[in-house]
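Participant: Sharing run.cif (mmCIF, C-alpha atoms) below.
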```
data_model
loop_
_atom_site.label_atom_id
_atom_site.label_comp_id
_atom_site.auth_asym_id
_atom_site.auth_seq_id
_atom_site.Cartn_x
_atom_site.Cartn_y
_atom_site.Cartn_z
CA GLN A 1 0.00 0.00 0.00
CA ARG A 2 2.87 2.41 0.70
CA ILE A 3 4.29 1.88 -2.77
CA ILE A 4 0.90 2.51 -4.38
CA GLN A 5 0.25 5.64 -2.32
CA LYS A 6 3.69 7.08 -3.03
CA PHE A 7 3.13 6.54 -6.75
CA LEU A 8 -0.33 8.17 -6.63
CA ASP A 9 1.01 11.14 -4.66
CA GLU A 10 3.53 11.85 -7.40
CA TYR A 11 1.55 11.04 -10.54
CA ALA A 12 -2.22 11.33 -9.85
CA PRO A 13 -4.44 12.44 -11.46
CA SER A 14 -2.00 12.59 -14.40
CA LYS A 15 1.49 13.74 -15.25
CA LEU A 16 3.12 14.78 -18.51
CA VAL A 17 6.77 13.89 -18.97
CA GLU A 18 8.86 15.25 -21.83
CA GLY A 19 10.73 12.72 -23.90
CA ARG A 20 12.97 13.05 -26.90
CA SER A 21 13.02 16.45 -28.55
CA ALA A 22 10.39 16.94 -31.23
CA ASP A 23 13.13 18.51 -33.38
CA ALA A 24 15.13 15.29 -33.49
CA ASP A 25 15.24 13.62 -36.89
CA ASP A 26 13.95 10.32 -35.52
CA ALA A 27 11.48 11.79 -33.00
CA ALA A 28 8.39 9.65 -32.49
CA GLY A 29 4.92 10.77 -31.45
CA ASP A 30 3.31 10.95 -28.04
CA CYS A 31 2.72 8.00 -25.72
CA LEU A 32 -0.16 7.46 -23.29
CA LEU A 33 0.82 5.31 -20.30
CA ILE A 34 -2.06 4.05 -18.18
CA VAL A 35 -0.87 2.46 -14.95
CA SER A 36 -3.18 0.01 -13.17
CA SER A 37 -1.88 1.08 -9.76
CA THR A 38 -2.91 -2.00 -7.76
CA SER A 39 -2.00 -4.63 -10.39
CA GLY A 40 0.38 -7.27 -9.13
CA PHE A 41 -0.27 -6.09 -5.56
CA GLY A 42 1.38 -2.76 -6.32
CA ASN A 43 4.00 -4.09 -8.73
CA ALA A 44 2.70 -1.85 -11.54
CA SER A 45 3.09 1.23 -9.32
CA ARG A 46 6.66 0.20 -8.47
CA LEU A 47 7.52 -0.35 -12.13
CA ALA A 48 5.88 2.82 -13.50
CA PRO A 49 8.85 5.23 -13.00
CA ILE A 50 11.18 2.61 -14.49
CA VAL A 51 8.94 2.15 -17.53
CA VAL A 52 8.74 5.93 -18.03
CA GLU A 53 12.55 6.14 -18.15
CA TYR A 54 12.75 3.27 -20.64
CA LEU A 55 10.14 4.89 -22.92
CA ARG A 56 11.34 8.53 -22.71
CA PRO A 57 14.13 8.24 -25.32
CA HIS A 58 11.66 6.96 -27.90
CA PHE A 59 8.71 9.38 -27.67
CA ARG A 60 8.15 13.12 -27.83
CA SER A 61 6.17 13.05 -24.59
CA ILE A 62 4.57 10.55 -22.21
CA LYS A 63 1.28 11.21 -20.43
CA ILE A 64 0.98 9.01 -17.33
CA ILE A 65 -2.47 8.34 -15.87
CA PRO A 66 -2.60 6.19 -12.71
CA THR A 67 -5.80 4.38 -11.79
CA THR A 68 -7.44 5.31 -8.49
CA HIS A 69 -10.35 2.86 -8.32
CA ALA A 70 -11.68 -0.37 -9.81
CA GLY A 71 -12.78 -0.01 -13.44
CA HIS A 72 -10.73 3.17 -13.93
CA VAL A 73 -8.83 1.83 -16.97
CA TYR A 74 -12.17 1.22 -18.68
CA GLU A 75 -13.34 4.75 -17.84
CA ILE A 76 -10.15 6.34 -19.14
CA MET A 77 -10.37 4.57 -22.48
CA GLN A 78 -14.11 5.13 -22.82
CA ASN A 79 -14.55 8.70 -21.60
CA GLU A 80 -11.64 10.60 -20.15
CA GLU A 81 -9.43 10.95 -23.18
CA PRO A 82 -10.39 13.29 -26.08
CA ASP A 83 -12.61 12.17 -28.94
CA ASP A 84 -9.61 12.03 -31.25
CA LEU A 85 -7.94 9.32 -29.16
CA CYS A 86 -6.96 7.66 -32.42
CA GLN A 87 -5.08 10.84 -33.45
CA SER A 88 -3.56 12.06 -30.18
CA TYR A 89 -1.11 9.26 -29.41
CA GLN A 90 1.15 6.96 -31.31
CA VAL A 91 0.55 4.22 -28.76
CA ALA A 92 -1.36 3.65 -25.53
CA VAL A 93 0.62 1.43 -23.15
CA ILE A 94 -1.25 -0.42 -20.40
CA LEU A 95 1.03 -1.22 -17.47
CA GLY A 96 -0.68 -3.91 -15.38
CA GLY A 97 -2.07 -7.39 -15.73
CA ASP A 98 -4.35 -9.08 -18.24
CA GLY A 99 -7.42 -7.65 -16.49
CA ALA A 100 -6.20 -4.08 -16.98
CA PHE A 101 -5.54 -4.69 -20.68
CA SER A 102 -8.99 -6.26 -21.06
CA GLU A 103 -10.53 -3.15 -19.47
CA ALA A 104 -8.67 -0.97 -21.98
CA VAL A 105 -9.94 -2.97 -24.95
CA ASN A 106 -13.52 -2.91 -23.64
CA GLY A 107 -13.42 0.79 -22.82
CA MET A 108 -12.04 1.71 -26.22
CA LEU A 109 -14.55 -0.39 -28.16
CA ASN A 110 -17.46 0.92 -26.06
CA ARG A 111 -16.71 4.60 -26.66
CA PRO A 112 -19.85 6.67 -27.39
CA GLY A 113 -20.54 7.11 -31.09
CA ILE A 114 -17.90 4.64 -32.19
CA ASP A 115 -18.54 2.81 -35.45
CA GLN A 116 -16.70 0.15 -37.41
CA GLU A 117 -14.55 2.65 -39.29
CA LYS A 118 -13.49 4.48 -36.12
CA LYS A 119 -12.58 1.15 -34.51
CA LYS A 120 -10.07 0.56 -37.31
CA LYS A 121 -8.39 3.93 -36.67
CA MET A 122 -8.11 3.73 -32.90
CA VAL A 123 -4.80 4.16 -31.14
CA THR A 124 -2.48 1.15 -31.05
CA LEU A 125 -2.60 -0.67 -27.71
CA ALA A 126 0.41 -2.30 -26.05
CA HIS A 127 0.60 -4.36 -22.87
CA CYS A 128 3.54 -3.86 -20.52
CA PRO A 129 3.67 -6.61 -17.86
CA GLY A 130 3.00 -5.38 -14.34
CA GLY A 131 0.32 -7.67 -12.94
CA SER A 132 0.09 -11.16 -11.54
CA GLY A 133 -1.05 -12.52 -14.91
CA CYS A 134 0.52 -11.18 -18.12
CA SER A 135 -0.41 -13.63 -20.88
CA THR A 136 -1.21 -10.76 -23.29
CA SER A 137 2.31 -9.34 -23.28
CA GLY A 138 3.67 -12.88 -23.19
CA ASN A 139 1.75 -14.01 -26.24
CA THR A 140 2.27 -10.83 -28.26
CA MET A 141 5.86 -9.91 -27.33
CA GLY A 142 7.29 -12.92 -25.52
CA VAL A 143 7.56 -10.90 -22.30
CA TRP A 144 5.81 -12.56 -19.36
CA LYS A 145 7.19 -10.88 -16.22
CA GLY A 146 7.54 -7.41 -14.78
CA SER A 147 11.26 -8.03 -14.43
CA ASP A 148 11.47 -7.88 -18.25
CA VAL A 149 9.85 -4.46 -18.75
CA GLU A 150 13.01 -3.11 -20.42
CA LYS A 151 12.60 -5.67 -23.20
CA ALA A 152 8.88 -4.87 -23.45
CA CYS A 153 9.60 -1.14 -23.78
CA GLN A 154 12.19 -1.77 -26.48
CA ILE A 155 9.67 -3.77 -28.50
CA ILE A 156 6.95 -1.13 -28.00
CA ALA A 157 9.35 1.62 -29.10
CA LYS A 158 10.00 -0.11 -32.41
CA GLY A 159 6.40 0.62 -33.35
CA LYS A 160 5.81 -2.65 -35.16
CA VAL A 161 2.03 -3.15 -35.14
CA GLY A 162 0.24 -6.49 -35.34
CA LYS A 163 -3.44 -7.37 -35.40
CA LEU A 164 -5.30 -9.48 -32.86
CA ASP A 165 -8.62 -11.27 -33.18
CA VAL A 166 -11.22 -9.80 -30.84
CA LEU A 167 -14.21 -11.77 -29.60
CA GLU A 168 -17.41 -9.73 -29.27
CA VAL A 169 -19.75 -11.31 -26.76
CA THR A 170 -23.42 -10.39 -26.42
CA ASN A 171 -26.17 -11.69 -24.16
CA GLU A 172 -29.53 -12.34 -25.84
CA ARG A 173 -31.32 -11.02 -22.75
CA ARG A 174 -29.20 -7.87 -22.61
CA SER A 175 -28.53 -7.12 -26.25
CA GLU A 176 -27.39 -3.55 -25.52
CA LYS A 177 -24.35 -4.76 -23.54
CA ARG A 178 -21.32 -5.84 -25.51
CA SER A 179 -18.14 -7.25 -24.04
CA TYR A 180 -14.87 -7.90 -25.82
CA SER A 181 -12.11 -10.42 -25.24
CA ILE A 182 -8.76 -11.10 -26.87
CA SER A 183 -8.00 -14.18 -24.78
CA THR A 184 -10.67 -16.13 -22.89
CA VAL A 185 -14.34 -15.80 -22.01
CA ALA A 186 -15.44 -17.99 -19.10
CA GLY A 187 -18.59 -18.67 -17.10
CA GLY A 188 -20.17 -20.92 -14.50
CA LEU A 189 -17.86 -22.59 -12.01
CA PHE A 190 -14.80 -21.05 -13.68
CA THR A 191 -15.89 -17.54 -12.69
CA ASP A 192 -16.63 -18.77 -9.15
CA ILE A 193 -13.00 -19.88 -8.93
CA VAL A 194 -11.67 -16.45 -9.90
CA GLU A 195 -14.01 -14.60 -7.56
CA LEU A 196 -13.11 -16.79 -4.57
CA ALA A 197 -9.41 -16.59 -5.38
CA ASP A 198 -9.40 -12.79 -5.52
CA THR A 199 -11.63 -12.42 -2.46
CA HIS A 200 -10.03 -14.89 -0.05
CA TYR A 201 -6.57 -15.93 -1.25
CA LYS A 202 -4.63 -12.86 -2.31
CA TRP A 203 -2.55 -13.34 0.84
CA THR A 204 -0.88 -16.36 -0.82
CA TYR A 205 0.99 -14.03 -3.20
CA SER A 206 3.88 -13.31 -0.84
CA ILE A 207 4.32 -17.01 -0.01
CA PHE A 208 3.51 -19.01 -3.14
CA GLY A 209 3.63 -16.46 -5.96
CA PRO A 210 1.08 -14.50 -8.02
CA THR A 211 -1.08 -17.32 -9.43
CA ALA A 212 -1.28 -19.75 -6.49
CA ARG A 213 -4.51 -18.13 -5.34
CA TYR A 214 -6.34 -19.67 -8.30
CA ALA A 215 -5.39 -23.18 -7.18
CA PHE A 216 -6.79 -22.39 -3.72
CA GLY A 217 -9.84 -20.81 -5.32
CA MET A 218 -10.48 -23.91 -7.44
CA VAL A 219 -10.46 -26.25 -4.44
CA HIS A 220 -12.67 -23.84 -2.49
CA ALA A 221 -15.16 -23.51 -5.37
CA LEU A 222 -15.37 -27.27 -5.97
CA TRP A 223 -15.91 -27.90 -2.26
CA LYS A 224 -18.37 -25.04 -1.73
CA PHE A 225 -20.53 -25.21 -4.83
CA GLY A 226 -20.13 -28.79 -6.01
CA THR A 227 -23.19 -29.74 -8.06
CA ARG A 228 -24.85 -26.34 -7.70
CA ASP A 229 -24.74 -25.53 -11.41
CA ASN A 230 -25.60 -28.97 -12.77
CA HIS A 231 -29.12 -27.81 -13.64
CA ARG A 232 -27.90 -24.86 -15.72
CA MET A 233 -28.07 -24.88 -19.49
CA ILE A 234 -26.26 -22.87 -22.15
CA ARG A 235 -27.28 -21.84 -25.63
CA TYR A 236 -24.70 -20.17 -27.80
CA THR A 237 -24.31 -18.67 -31.24
CA ILE A 238 -20.96 -18.08 -32.90
CA THR A 239 -20.97 -15.60 -35.77
CA THR A 240 -17.77 -15.27 -37.81
CA SER A 241 -16.69 -12.20 -39.77
CA ASP A 242 -18.24 -13.55 -42.97
CA ASN A 243 -21.58 -14.04 -41.15
CA GLN A 244 -21.34 -17.81 -41.12
CA SER A 245 -23.02 -19.02 -37.91
CA GLU A 246 -23.08 -22.20 -35.88
CA ARG A 247 -25.72 -22.63 -33.22
CA VAL A 248 -26.17 -25.23 -30.51
CA GLU A 249 -29.60 -24.94 -28.95
CA VAL A 250 -29.09 -26.34 -25.47
CA LEU A 251 -26.33 -27.98 -23.46
CA PRO A 252 -25.98 -28.60 -19.72
CA THR A 253 -23.03 -26.73 -18.25
CA ASN A 254 -21.12 -26.66 -15.00
CA GLY A 255 -18.53 -24.29 -16.44
CA PHE A 256 -17.20 -23.20 -19.83
CA SER A 257 -14.33 -21.36 -21.48
CA LEU A 258 -14.20 -19.84 -24.95
CA TYR A 259 -10.58 -19.57 -26.09
CA ASN A 260 -9.35 -17.19 -28.77
CA ASP A 261 -7.06 -19.86 -30.23
CA GLY A 262 -7.19 -23.54 -31.13
CA ARG A 263 -6.33 -25.44 -27.95
CA PRO A 264 -6.02 -29.23 -28.39
CA MET A 265 -8.24 -30.65 -25.65
CA GLU A 266 -7.05 -34.23 -25.84
CA HIS A 267 -3.48 -33.56 -24.81
CA ALA A 268 -3.65 -29.89 -23.84
CA HIS A 269 -0.25 -28.81 -25.14
CA TYR A 270 -1.27 -25.20 -24.64
CA SER A 271 2.19 -23.93 -25.48
CA LYS A 272 1.63 -25.06 -29.07
CA ALA A 273 -1.64 -23.15 -29.39
CA LYS A 274 -1.09 -19.88 -31.24
CA PHE A 275 -2.61 -16.86 -29.56
CA ASP A 276 -3.93 -15.30 -32.76
CA ASP A 277 -4.12 -17.96 -35.45
CA GLY A 278 -7.72 -17.25 -36.54
CA THR A 279 -9.21 -20.17 -34.63
CA MET A 280 -11.13 -20.52 -31.40
CA SER A 281 -12.54 -23.29 -29.30
CA LEU A 282 -15.34 -23.70 -26.79
CA VAL A 283 -14.66 -26.15 -23.96
CA LEU A 284 -17.68 -26.93 -21.82
CA GLU A 285 -17.82 -29.15 -18.75
CA LYS A 286 -21.31 -30.63 -18.65
CA HIS A 287 -21.46 -31.91 -15.06
CA TYR A 288 -19.44 -31.61 -11.88
CA LEU A 289 -16.96 -34.48 -11.75
CA GLY A 290 -16.44 -34.47 -8.00
CA LEU A 291 -13.48 -32.89 -6.24
CA MET A 292 -10.88 -35.65 -6.62
CA LYS A 293 -11.79 -36.47 -10.23
CA HIS A 294 -11.68 -32.80 -11.13
CA LEU A 295 -8.26 -32.31 -9.53
CA LYS A 296 -6.94 -35.38 -11.38
CA TYR A 297 -8.42 -34.04 -14.62
CA VAL A 298 -6.65 -30.69 -14.17
CA GLY A 299 -3.37 -32.48 -13.39
CA ASP A 300 -3.62 -34.72 -16.46
CA LEU A 301 -4.47 -31.71 -18.58
CA ALA A 302 -1.40 -29.81 -17.38
CA LYS A 303 0.87 -32.81 -18.04
CA GLY A 304 -0.55 -33.39 -21.52
CA LYS A 305 -1.88 -36.84 -20.67
CA THR A 306 -4.69 -38.47 -22.61
CA LEU A 307 -7.94 -37.98 -20.72
CA ASN A 308 -9.93 -41.02 -19.66
CA ASP A 309 -13.31 -41.78 -21.22
CA ASP A 310 -15.58 -40.54 -18.42
CA VAL A 311 -13.81 -37.16 -18.48
CA LYS A 312 -14.01 -36.98 -22.27
CA ASP A 313 -17.71 -37.80 -22.20
CA ASN A 314 -18.27 -35.00 -19.71
CA HIS A 315 -16.77 -32.35 -21.99
CA PHE A 316 -18.15 -30.71 -25.08
CA VAL A 317 -15.43 -29.33 -27.37
CA CYS A 318 -16.14 -27.18 -30.40
CA ASP A 319 -13.22 -26.05 -32.56
CA ASN A 320 -13.61 -23.42 -35.27
#
```
What is this structure when it is put down as structure tokens?
Facilitator:
Amino acid sequence: QRIIQKFLDEYAPSKLVEGRSADADDAAGDCLLIVSSTSGFGNASRLAPIVVEYLRPHFRSIKIIPTTHAGHVYEIMQNEEPDDLCQSYQVAVILGGDGAFSEAVNGMLNRPGIDQEKKKKMVTLAHCPGGSGCSTSGNTMGVWKGSDVEKACQIIAKGKVGKLDVLEVTNERRSEKRSYSISTVAGGLFTDIVELADTHYKWTYSIFGPTARYAFGMVHALWKFGTRDNHRMIRYTITTSDNQSERVEVLPTNGFSLYNDGRPMEHAHYSKAKFDDGTMSLVLEKHYLGLMKHLKYVGDLAKGKTLNDDVKDNHFVCDN
């Protein structure tokens, strides 16, 4: 908390830092740096001054905006920056975890009055690792940890832009609400796991590392909820860019994940799944397996073992 407060005292609500001279022959444009202050239990706040120094030689100026409350990244990208966000900055860097980057994508694509053409002209987004989970920077730049922010900043400064598939998710009962994902959309028991992990097990960070809380959250969720969701059903529609649709009317679900890549379910060699290869897969667990069977299933999945028949029969897998 002291690190976060010290950072906020110096940078909040925003701070403009001059970079390379605009008169320099190779001067770049301006950079927007949004810092998710609490990401990584304050790691993003600790890294922010270091990241600023790494970026300064490569940009004309850097505007730093620290977050002060939950959902602030979303608000910044949706409302707080000028209407010409696509014109004002060469790049918007999100320093934090995957959640902060997801907020930035959702805020930007939910800006008032935005249409398809404006979406194509929006500012380039970059993820600088500063949270407990940094799969976005890892998959796009090969940089997974906050200790490698120098490498991340060097890659960002080169200005090489790539495109990512974005999943647009709508709810038939709330058609006005649109959510966006570049990685994974999950529901059912899987969201219970995350909620319990972040509510009760953040204390494990200092002992077991940044992601151990999810293992504790999984055991807690399986013990607490068990068969609670076995009566739930899911109906989904997938619409591709060429308006080709596949619809499954009804399936029982205990939990599901929609991945923005092709993940082989049988052996689960996730490292071989490309983050943005134009494919996606829906993995749906139909019924609760029971605590011990579920833990064994997760272990086999992580080791790339072939899953036994009762586990296979309990999963619906749709690859596209």
Participant: Residues at most 10 Å from stretch 155-159 of chain A, counting all atoms listed in the file, excluding those fewer than 4 positions away in the same chain, as a list in words?
Facilitator: Ala28, Cys31, Tyr54, Leu55, Arg56, Pro57, His58, Phe59, Gln90, Val91, Ala92, Val93, Thr124, Leu125, Ala126, His127, Cys128, Met141, Gly142, Val143, Val149, Glu150 and Lys151 of chain A
Participant: Counting all atoms listed in the file, which residue out of A:Tyr205, A:Tyr259, A:Tyr288, A:Phe316 sits closest to A:Asp165?
Facilitator: A:Tyr259
Participant: Just give me the gap between atom CA of A:Val73 and atom CA of A:Ile94 in Å, one decimal is fine.
Facilitator: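 Straight-line distance from atom CA of A:Val73 to atom CA of A:Ile94 works out to 8.6 Å.
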Participant: Box for stretch 134-144 of chain A: with edges along x, y and z, all listed atoms inside and 8 Å added on each side, what are the centre and edge lengths in Å to one decimal, as JSON?
Facilitator:
```
{"center_x": 3.2, "center_y": -11.7, "center_z": -23.2, "size_x": 24.8, "size_y": 20.7, "size_z": 26.1}
```
Participant: Return the single residue from A:Ile65, A:Leu284, A:Leu222, A:Leu251 that is closest to A:Ala186, with distances computed using only C-alpha atoms.
Facilitator: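 For A:Ala186, the nearest of the candidates is A:Leu284.
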Participant: Carefully work through the PyMOL selection byres ((chain A and resi 74) around 9) for this structure and note down the residues it includes, as an NGL selection string.
Facilitator: :A and (71-73 or 75-79 or 100 or 102-108)
Participant: Considering all atoms listed in the file, can you say which of A:Leu258, A:Val283, A:Ala215, A:Cys134 comes closest to A:Gly99?
Facilitator: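 Checking each of A:Leu258, A:Val283, A:Ala215, A:Cys134 against A:Gly99, counting all atoms listed in the file, the winner is A:Cys134.
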Participant: Quick one: pull the distance between atom CA of A:Cys153 and atom CA of A:Phe7, Å, one decimal.
Facilitator: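 Taking atom CA of A:Cys153 and atom CA of A:Phe7, their separation equals 19.8 Å.
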Participant: Between atom CA of A:Gly133 and atom CA of A:His315, what distance in Å does the model show, to one decimal?
Facilitator: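 Straight-line distance from atom CA of A:Gly133 to atom CA of A:His315 works out to 26.3 Å.
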Participant: Which protein, DNA or RNA residues have an atom at most 7 Å from (0.3, -8.8, -19.7), counting all atoms listed in the file? List them as a list in words.
Facilitator: Gly96, Gly97, Asp98, His127, Cys128, Pro129, Gly130, Gly131, Gly133, Cys134, Ser135, Thr136, Ser137, Gly138 and Trp144 of chain A
Participant: Can you work out which one of A:Val219, A:Leu196, A:Ile4, A:Ile207 has the shortest atom-to-atom distance to A:Leu291, counting all atoms listed in the file?
Facilitator: A:Val219
Participant: Is there a way to complete stretch 284-304 of chain A with N, CA and C atoms and then write that out as an mmCIF file, in the coordinates of the input?
Facilitator:
```
data_model
loop_
_atom_site.group_PDB
_atom_site.id
_atom_site.type_symbol
_atom_site.label_atom_id
_atom_site.label_comp_id
_atom_site.auth_asym_id
_atom_site.auth_seq_id
_atom_site.Cartn_x
_atom_site.Cartn_y
_atom_site.Cartn_z
ATOM 1 N N LEU A 284 -16.571 -27.006 -22.767
ATOM 2 C CA LEU A 284 -17.680 -26.930 -21.820
ATOM 3 C C LEU A 284 -17.729 -28.192 -20.977
ATOM 4 N N GLU A 285 -17.693 -28.023 -19.664
ATOM 5 C CA GLU A 285 -17.820 -29.150 -18.750
ATOM 6 C C GLU A 285 -19.295 -29.316 -18.403
ATOM 7 N N LYS A 286 -19.856 -30.451 -18.773
ATOM 8 C CA LYS A 286 -21.310 -30.630 -18.650
ATOM 9 C C LYS A 286 -21.755 -30.797 -17.207
ATOM 10 N N HIS A 287 -21.057 -31.632 -16.441
ATOM 11 C CA HIS A 287 -21.460 -31.910 -15.060
ATOM 12 C C HIS A 287 -20.246 -31.863 -14.151
ATOM 13 N N TYR A 288 -20.493 -31.620 -12.878
ATOM 14 C CA TYR A 288 -19.440 -31.610 -11.880
ATOM 15 C C TYR A 288 -18.901 -33.031 -11.706
ATOM 16 N N LEU A 289 -17.585 -33.164 -11.812
ATOM 17 C CA LEU A 289 -16.960 -34.480 -11.750
ATOM 18 C C LEU A 289 -16.808 -35.001 -10.322
ATOM 19 N N GLY A 290 -16.834 -34.121 -9.360
ATOM 20 C CA GLY A 290 -16.440 -34.470 -8.000
ATOM 21 C C GLY A 290 -15.032 -33.942 -7.759
ATOM 22 N N LEU A 291 -14.716 -33.579 -6.530
ATOM 23 C CA LEU A 291 -13.480 -32.890 -6.240
ATOM 24 C C LEU A 291 -12.238 -33.643 -6.691
ATOM 25 N N MET A 292 -12.105 -34.911 -6.307
ATOM 26 C CA MET A 292 -10.880 -35.650 -6.620
ATOM 27 C C MET A 292 -10.733 -35.899 -8.113
ATOM 28 N N LYS A 293 -11.853 -36.253 -8.779
ATOM 29 C CA LYS A 293 -11.790 -36.470 -10.230
ATOM 30 C C LYS A 293 -11.425 -35.185 -10.957
ATOM 31 N N HIS A 294 -11.973 -34.068 -10.462
ATOM 32 C CA HIS A 294 -11.680 -32.800 -11.130
ATOM 33 C C HIS A 294 -10.209 -32.423 -10.957
ATOM 34 N N LEU A 295 -9.668 -32.621 -9.758
ATOM 35 C CA LEU A 295 -8.260 -32.310 -9.530
ATOM 36 C C LEU A 295 -7.358 -33.192 -10.389
ATOM 37 N N LYS A 296 -7.723 -34.474 -10.529
ATOM 38 C CA LYS A 296 -6.940 -35.380 -11.380
ATOM 39 C C LYS A 296 -7.021 -34.930 -12.839
ATOM 40 N N TYR A 297 -8.219 -34.508 -13.248
ATOM 41 C CA TYR A 297 -8.420 -34.040 -14.620
ATOM 42 C C TYR A 297 -7.528 -32.827 -14.916
ATOM 43 N N VAL A 298 -7.482 -31.876 -13.983
ATOM 44 C CA VAL A 298 -6.650 -30.690 -14.170
ATOM 45 C C VAL A 298 -5.177 -31.084 -14.237
ATOM 46 N N GLY A 299 -4.760 -32.022 -13.372
ATOM 47 C CA GLY A 299 -3.370 -32.480 -13.390
ATOM 48 C C GLY A 299 -2.999 -33.160 -14.687
ATOM 49 N N ASP A 300 -3.881 -34.033 -15.183
ATOM 50 C CA ASP A 300 -3.620 -34.720 -16.460
ATOM 51 C C ASP A 300 -3.558 -33.724 -17.608
ATOM 52 N N LEU A 301 -4.428 -32.718 -17.531
ATOM 53 C CA LEU A 301 -4.470 -31.710 -18.580
ATOM 54 C C LEU A 301 -3.155 -30.947 -18.631
ATOM 55 N N ALA A 302 -2.644 -30.577 -17.457
ATOM 56 C CA ALA A 302 -1.400 -29.810 -17.380
ATOM 57 C C ALA A 302 -0.201 -30.623 -17.873
ATOM 58 N N LYS A 303 -0.249 -31.949 -17.644
ATOM 59 C CA LYS A 303 0.870 -32.810 -18.040
ATOM 60 C C LYS A 303 0.745 -33.308 -19.479
ATOM 61 N N GLY A 304 -0.360 -32.964 -20.133
ATOM 62 C CA GLY A 304 -0.550 -33.390 -21.520
ATOM 63 C C GLY A 304 -0.937 -34.835 -21.662
#
```
